[in-house]
$ cat start.cif   # mmCIF, C-alpha atoms and all ligand atoms
data_work
loop_
_atom_site.label_atom_id
_atom_site.label_comp_id
_atom_site.auth_asym_id
_atom_site.auth_seq_id
_atom_site.Cartn_x
_atom_site.Cartn_y
_atom_site.Cartn_z
CA VAL A 1 8.42 19.23 9.95
CA GLU A 2 9.15 17.75 6.57
CA VAL A 3 8.61 14.10 5.70
CA VAL A 4 9.53 12.27 2.53
CA ILE A 5 7.31 9.53 1.14
CA ALA A 6 9.55 6.61 0.17
CA THR A 7 7.68 5.26 -2.84
CA SER A 8 8.08 5.09 -6.58
CA ASN A 9 4.36 4.31 -6.96
CA ASN A 10 2.58 7.57 -7.86
CA HIS A 11 -0.84 6.20 -6.91
CA LYS A 12 0.39 5.50 -3.39
CA LEU A 13 2.02 8.93 -3.25
CA THR A 14 -1.28 10.60 -4.15
CA GLU A 15 -3.25 8.59 -1.58
CA ILE A 16 -0.74 9.20 1.19
CA GLY A 17 -0.56 12.90 0.29
CA LYS A 18 -4.37 13.20 0.54
CA ILE A 19 -4.54 11.28 3.81
CA LEU A 20 -1.83 13.53 5.30
CA SER A 21 -3.20 16.76 3.81
CA GLU A 22 -4.89 17.93 7.03
CA PHE A 23 -1.94 16.85 9.14
CA ASN A 24 0.66 19.34 10.23
CA VAL A 25 3.59 18.04 8.14
CA LYS A 26 5.08 19.05 4.82
CA VAL A 27 4.92 16.06 2.51
CA LEU A 28 7.74 15.68 -0.01
CA SER A 29 8.15 13.10 -2.75
CA LEU A 30 11.44 11.60 -3.88
CA ASN A 31 10.94 13.57 -7.07
CA ASP A 32 10.64 16.84 -5.11
CA LEU A 33 14.06 16.10 -3.61
CA GLY A 34 15.65 15.39 -7.00
CA PHE A 35 15.79 11.62 -6.62
CA LYS A 36 14.52 10.02 -9.81
CA ASP A 37 14.72 6.24 -9.87
CA ILE A 38 15.73 4.90 -6.50
CA LYS A 39 15.75 1.13 -6.90
CA ILE A 40 15.43 -0.61 -3.54
CA ASP A 41 15.52 -4.40 -3.31
CA GLU A 42 12.62 -5.54 -1.18
CA THR A 43 14.36 -8.54 0.31
CA GLY A 44 12.24 -8.86 3.44
CA SER A 45 9.81 -11.69 4.10
CA THR A 46 7.06 -9.56 5.66
CA PHE A 47 5.29 -6.27 4.86
CA GLU A 48 6.90 -4.72 7.96
CA GLU A 49 10.41 -5.71 6.95
CA ASN A 50 9.99 -4.39 3.42
CA ALA A 51 8.49 -1.12 4.64
CA LEU A 52 11.46 -0.67 6.99
CA ILE A 53 13.97 -1.48 4.22
CA LYS A 54 12.46 1.25 2.01
CA ALA A 55 12.14 3.87 4.76
CA ARG A 56 15.68 3.28 6.09
CA GLU A 57 17.22 3.59 2.63
CA VAL A 58 15.33 6.79 1.80
CA MET A 59 16.12 8.35 5.19
CA LYS A 60 19.80 7.56 4.56
CA ARG A 61 19.74 9.17 1.12
CA THR A 62 17.67 12.25 1.99
CA GLY A 63 18.43 12.88 5.67
CA LYS A 64 14.71 13.47 6.27
CA ILE A 65 12.02 11.62 8.19
CA ALA A 66 11.06 8.86 5.74
CA ILE A 67 7.67 7.18 5.49
CA ALA A 68 7.30 3.97 3.47
CA ASP A 69 4.26 1.80 2.74
CA ASP A 70 4.58 -1.87 1.92
CA SER A 71 1.25 -3.31 0.99
CA GLY A 72 -0.53 -6.09 -0.81
CA LEU A 73 -3.51 -8.32 -1.22
CA MET A 74 -3.92 -11.58 0.71
CA VAL A 75 -6.44 -14.06 -0.70
CA ASP A 76 -7.54 -16.74 1.78
CA ILE A 77 -8.10 -19.58 -0.67
CA LEU A 78 -4.64 -18.92 -2.14
CA GLY A 79 -3.01 -19.25 1.28
CA GLY A 80 -2.44 -15.51 1.55
CA ARG A 81 -0.99 -14.99 -1.90
CA PRO A 82 -0.02 -12.73 -3.59
CA GLY A 83 0.89 -11.02 -0.28
CA ILE A 84 4.26 -9.27 -0.38
CA TYR A 85 4.54 -10.28 -4.04
CA SER A 86 1.41 -8.35 -5.06
CA ALA A 87 3.26 -5.80 -7.24
CA ARG A 88 5.20 -8.51 -9.09
CA PHE A 89 2.58 -11.30 -9.04
CA ALA A 90 2.64 -12.00 -12.79
CA GLY A 91 6.40 -11.49 -13.01
CA GLU A 92 9.07 -8.80 -12.52
CA ASN A 93 7.70 -5.47 -13.90
CA SER A 94 4.24 -6.95 -14.48
CA THR A 95 1.38 -4.50 -15.08
CA ASP A 96 -1.69 -4.13 -12.86
CA LYS A 97 -3.75 -5.64 -15.68
CA GLN A 98 -1.51 -8.73 -15.90
CA ASN A 99 -1.61 -9.17 -12.14
CA ASN A 100 -5.39 -8.91 -12.08
CA GLU A 101 -5.70 -11.41 -14.91
CA LYS A 102 -3.46 -13.87 -13.11
CA LEU A 103 -5.51 -13.54 -9.93
CA LEU A 104 -8.81 -14.09 -11.78
CA LYS A 105 -7.38 -17.15 -13.49
CA LEU A 106 -6.27 -18.72 -10.21
CA LEU A 107 -9.72 -18.09 -8.71
CA ASN A 108 -11.59 -19.34 -11.76
CA GLY A 109 -14.59 -21.46 -10.71
CA TYR A 110 -14.69 -20.29 -7.08
CA PRO A 111 -17.97 -18.62 -6.11
CA LEU A 112 -17.96 -15.22 -4.41
CA GLU A 113 -18.30 -16.63 -0.89
CA LYS A 114 -15.01 -18.51 -1.31
CA ARG A 115 -13.14 -15.41 -2.53
CA SER A 116 -12.52 -13.66 0.79
CA ALA A 117 -9.40 -11.49 0.91
CA ARG A 118 -7.83 -8.54 2.65
CA PHE A 119 -5.60 -5.66 1.75
CA VAL A 120 -2.72 -5.04 4.13
CA SER A 121 -0.59 -1.92 4.50
CA SER A 122 2.46 -1.70 6.72
CA ILE A 123 3.84 1.78 7.18
CA ALA A 124 7.37 2.32 8.45
CA VAL A 125 8.70 5.63 9.71
CA VAL A 126 12.44 6.16 10.12
CA PHE A 127 13.95 9.30 11.69
CA PRO A 128 17.36 10.85 10.98
CA ASP A 129 18.42 9.86 14.52
CA LYS A 130 17.55 6.23 13.56
CA ARG A 131 14.45 5.93 15.70
CA GLU A 132 11.85 3.92 13.82
CA PHE A 133 8.42 2.33 14.13
CA THR A 134 5.88 0.44 12.04
CA VAL A 135 2.08 0.33 12.06
CA LYS A 136 -0.35 -1.82 10.11
CA GLY A 137 -3.85 -1.49 8.67
CA THR A 138 -6.06 -4.08 6.99
CA CYS A 139 -9.26 -3.93 4.96
CA GLU A 140 -11.52 -6.96 4.46
CA GLY A 141 -13.34 -7.86 1.28
CA LYS A 142 -13.84 -10.31 -1.59
CA ILE A 143 -12.35 -10.77 -5.02
CA ALA A 144 -14.92 -9.94 -7.72
CA LEU A 145 -15.64 -12.29 -10.61
CA THR A 146 -14.63 -9.61 -13.13
CA PRO A 147 -12.98 -6.17 -12.81
CA VAL A 148 -15.39 -3.28 -12.11
CA GLY A 149 -14.59 0.46 -12.00
CA GLU A 150 -11.81 2.73 -13.17
CA ASN A 151 -10.74 4.41 -9.92
CA GLY A 152 -7.68 3.66 -7.87
CA PHE A 153 -4.89 1.33 -8.96
CA GLY A 154 -3.56 -2.20 -8.64
CA TYR A 155 -6.20 -4.70 -7.59
CA ASP A 156 -8.85 -2.04 -6.83
CA PRO A 157 -11.23 -3.08 -9.67
CA LEU A 158 -11.28 -6.61 -8.22
CA PHE A 159 -11.66 -5.79 -4.52
CA ILE A 160 -15.25 -5.68 -3.23
CA VAL A 161 -15.02 -3.97 0.16
CA ASP A 162 -17.00 -5.49 3.03
CA GLY A 163 -19.96 -3.30 3.98
CA TYR A 164 -20.13 -1.77 0.52
CA ASP A 165 -21.44 -3.62 -2.47
CA LYS A 166 -18.76 -2.01 -4.59
CA THR A 167 -15.15 -2.44 -5.59
CA PHE A 168 -12.48 0.13 -4.72
CA GLY A 169 -12.47 0.75 -8.47
CA GLU A 170 -16.04 2.06 -8.18
CA LEU A 171 -15.66 4.03 -4.95
CA SER A 172 -14.35 7.60 -5.02
CA SER A 173 -10.86 8.31 -3.69
CA GLU A 174 -12.51 10.24 -0.82
CA VAL A 175 -14.33 7.11 0.31
CA LYS A 176 -11.38 4.78 -0.28
CA ASN A 177 -9.08 7.09 1.67
CA LYS A 178 -11.38 6.87 4.70
CA ILE A 179 -11.76 3.08 4.85
CA SER A 180 -8.74 1.50 3.18
CA HIS A 181 -5.91 -0.51 4.74
CA ARG A 182 -3.62 2.44 3.96
CA ALA A 183 -6.01 4.95 5.57
CA LYS A 184 -6.18 2.84 8.74
CA ALA A 185 -2.42 2.40 8.91
CA MET A 186 -1.88 6.12 8.29
CA GLU A 187 -4.27 7.07 11.12
CA LYS A 188 -2.16 4.98 13.53
CA MET A 189 0.99 6.41 11.97
CA LYS A 190 -0.15 9.98 12.62
CA VAL A 191 -0.72 9.21 16.33
CA GLU A 192 2.73 7.62 16.68
CA LEU A 193 4.46 10.34 14.65
CA GLU A 194 2.85 13.10 16.70
CA LYS A 195 4.22 11.59 19.92
CA ARG A 196 7.73 11.73 18.48
CA ILE A 197 7.98 15.15 16.82
P1 LIG A 201 6.87 1.14 -3.74
O1 LIG A 201 7.50 -0.12 -3.21
O2 LIG A 201 7.82 2.00 -4.49
O3 LIG A 201 6.13 1.91 -2.68
P2 LIG A 201 5.12 -0.75 -5.13
O4 LIG A 201 3.91 -0.59 -5.98
O5 LIG A 201 6.20 -1.65 -5.63
O6 LIG A 201 5.73 0.72 -4.83
P3 LIG A 201 4.62 -2.58 -2.94
O7 LIG A 201 5.87 -3.34 -3.13
O8 LIG A 201 4.19 -2.24 -1.54
O9 LIG A 201 4.66 -1.18 -3.69
O10 LIG A 201 3.45 -3.36 -3.67
C1 LIG A 201 2.13 -3.04 -3.41
C2 LIG A 201 1.23 -3.68 -4.44
O11 LIG A 201 0.07 -4.19 -3.79
C3 LIG A 201 0.73 -2.66 -5.45
O12 LIG A 201 1.57 -2.54 -6.56
C4 LIG A 201 -0.65 -3.21 -5.79
O13 LIG A 201 -0.53 -4.22 -6.74
C5 LIG A 201 -1.10 -3.82 -4.47
N1 LIG A 201 -1.82 -2.81 -3.66
C6 LIG A 201 -1.41 -2.25 -2.49
N2 LIG A 201 -2.28 -1.34 -2.04
C7 LIG A 201 -3.27 -1.32 -2.95
C8 LIG A 201 -4.46 -0.56 -3.07
O14 LIG A 201 -4.79 0.36 -2.20
N3 LIG A 201 -5.24 -0.80 -4.13
C9 LIG A 201 -4.91 -1.73 -5.05
N4 LIG A 201 -3.81 -2.46 -5.03
C10 LIG A 201 -2.99 -2.26 -3.98
#
$ encode --input "start.cif" --output "structure tokens"
Amino acid sequence: VEVVIATSNNHKLTEIGKILSEFNVKVLSLNDLGFKDIKIDETGSTFEENALIKAREVMKRTGKIAIADDSGLMVDILGGRPGIYSARFAGENSTDKQNNEKLLKLLNGYPLEKRSARFVSSIAVVFPDKREFTVKGTCEGKIALTPVGENGFGYDPLFIVDGYDKTFGELSSEVKNKISHRAKAMEKMKVELEKRI
């Protein structure tokens, strides 16, 4: 079976492709199918809703089983922010660097033990016959005092993963893809997908 990954974020596409590489599905990108810039308004108020919005739209356009990830970082002392606004935290079209700087500024003065946070990934799968489901994965950690490491994307240089004394920016993609929010959600997704295909 073929599945299309409903994302315009190439980092996500790479991670999802690696996580699915030993799974018995053919993974296609929007680019592979000739869709260049699909702009989807993420108007939902939860990760699940936004993942479903993206997967439904891409299934409609491509006619294929669509898999979307809506994800973000929730910082406890900020009441769960940036949450679903993680990609656009410092403004519409903000860069990862600007978002990280904004986060560090808001947490300025808080010691490490007050900087607990988690990454969340909701994955939605929508089938051509309109069946759909969502799964969720989380990964606990703390926001570092300064960015460390060059790997990954987004908030990875600031996210110190519980159980490791390192940020996702320092860990290899192999390690991240075993323990991340997205890896956990994808493992559940594989189980649910297998039951349905
Ligand atoms: P698509 O909607 O096209 O998939 P996007 O980047 O806009 O791409 P989201 O709306 O789900 O995706 O926003 C997710 C943001 O959360 C992402 O841009 C990062 O800032 C952050 N994020 C999510 N997962 C992350 C990870 O594994 N490492 C670092 N940051 C992550």
$ residues_around --input "start.cif" --residues "Arg61 in chain A" --least-positions-apart "6" --cutoff "12 Å" --atoms "all atoms listed in the file" --output "short mmCIF file (atom, residue, chain, number, x, y, z; two decimals) with C-alpha atoms, keeping the file's coordinate frame"
data_model
loop_
_atom_site.label_atom_id
_atom_site.label_comp_id
_atom_site.auth_asym_id
_atom_site.auth_seq_id
_atom_site.Cartn_x
_atom_site.Cartn_y
_atom_site.Cartn_z
CA VAL A 4 9.53 12.27 2.53
CA ALA A 6 9.55 6.61 0.17
CA LEU A 30 11.44 11.60 -3.88
CA LEU A 33 14.06 16.10 -3.61
CA GLY A 34 15.65 15.39 -7.00
CA PHE A 35 15.79 11.62 -6.62
CA ILE A 38 15.73 4.90 -6.50
CA ILE A 40 15.43 -0.61 -3.54
CA LYS A 54 12.46 1.25 2.01
CA ALA A 55 12.14 3.87 4.76
CA VAL A 126 12.44 6.16 10.12
CA PRO A 128 17.36 10.85 10.98
#
$ closest_residue --input "start.cif" --among "A:Glu150, A:Asp37, A:Glu57, A:Asp156" --to "ligand LIG 201 (chain A)" --atoms "all atoms listed in the file"
A:Asp156
$ residues_near_ligand --input "start.cif" --ligand "ligand LIG 201 (chain A)" --cutoff "8 Å" --atoms "all atoms listed in the file" --output "ChimeraX atom specification"
/A:6-9,12,40,42,47,50-51,54,68-73,83-88,96,99,119-121,152-157,159,168,180-182
$ atom_distance --input "start.cif" --atom1 "CA of Lys166 in chain A" --atom2 "CA of Gly149 in chain A"
8.9 Å
$ atom_distance --input "start.cif" --atom1 "CA of Lys188 in chain A" --atom2 "CA of Ile53 in chain A"
19.7 Å
$ residues_near_point --input "start.cif" --point "(-11.2, -10.9, 6.0)" --cutoff "7 Å" --atoms "only C-alpha atoms" --output "list of chain:residue names"
A:Ser116, A:Ala117, A:Arg118, A:Glu140, A:Gly141
$ write_last_selection --input "start.cif" --atoms "C-alpha atoms" --output "PDB file, in the frame of the given file"
ATOM      1  CA  SER A 116     -12.520 -13.660   0.790  1.00  0.00           C
ATOM      2  CA  ALA A 117      -9.400 -11.490   0.910  1.00  0.00           C
ATOM      3  CA  ARG A 118      -7.830  -8.540   2.650  1.00  0.00           C
ATOM      4  CA  GLU A 140     -11.520  -6.960   4.460  1.00  0.00           C
ATOM      5  CA  GLY A 141     -13.340  -7.860   1.280  1.00  0.00           C
TER       6      GLY A 141
END
$ closest_residue --input "start.cif" --among "A:Pro147, A:Gly44, A:Gly63, A:Gly91" --to "Glu2 in chain A" --atoms "all atoms listed in the file"
A:Gly63
$ closest_residue --input "start.cif" --among "A:Leu112, A:Val135, A:Ala90, A:Leu78" --to "Ala183 in chain A" --atoms "all atoms listed in the file"
A:Val135
$ closest_residue --input "start.cif" --among "A:Ser94, A:Asn10, A:Asn108, A:Asn31" --to "Val58 in chain A" --atoms "all atoms listed in the file"
A:Asn31
$ closest_residue --input "start.cif" --among "A:Asp129, A:Glu101, A:Glu192, A:Glu15" --to "Val27 in chain A" --atoms "only C-alpha atoms"
A:Glu15
$ atom_distance --input "start.cif" --atom1 "CA of Leu20 in chain A" --atom2 "CA of Glu174 in chain A"
12.7 Å
$ residues_around --input "start.cif" --residues "Ile5 in chain A" --least-positions-apart "4" --cutoff "7 Å" --atoms "all atoms listed in the file" --output "count of residues only"
7
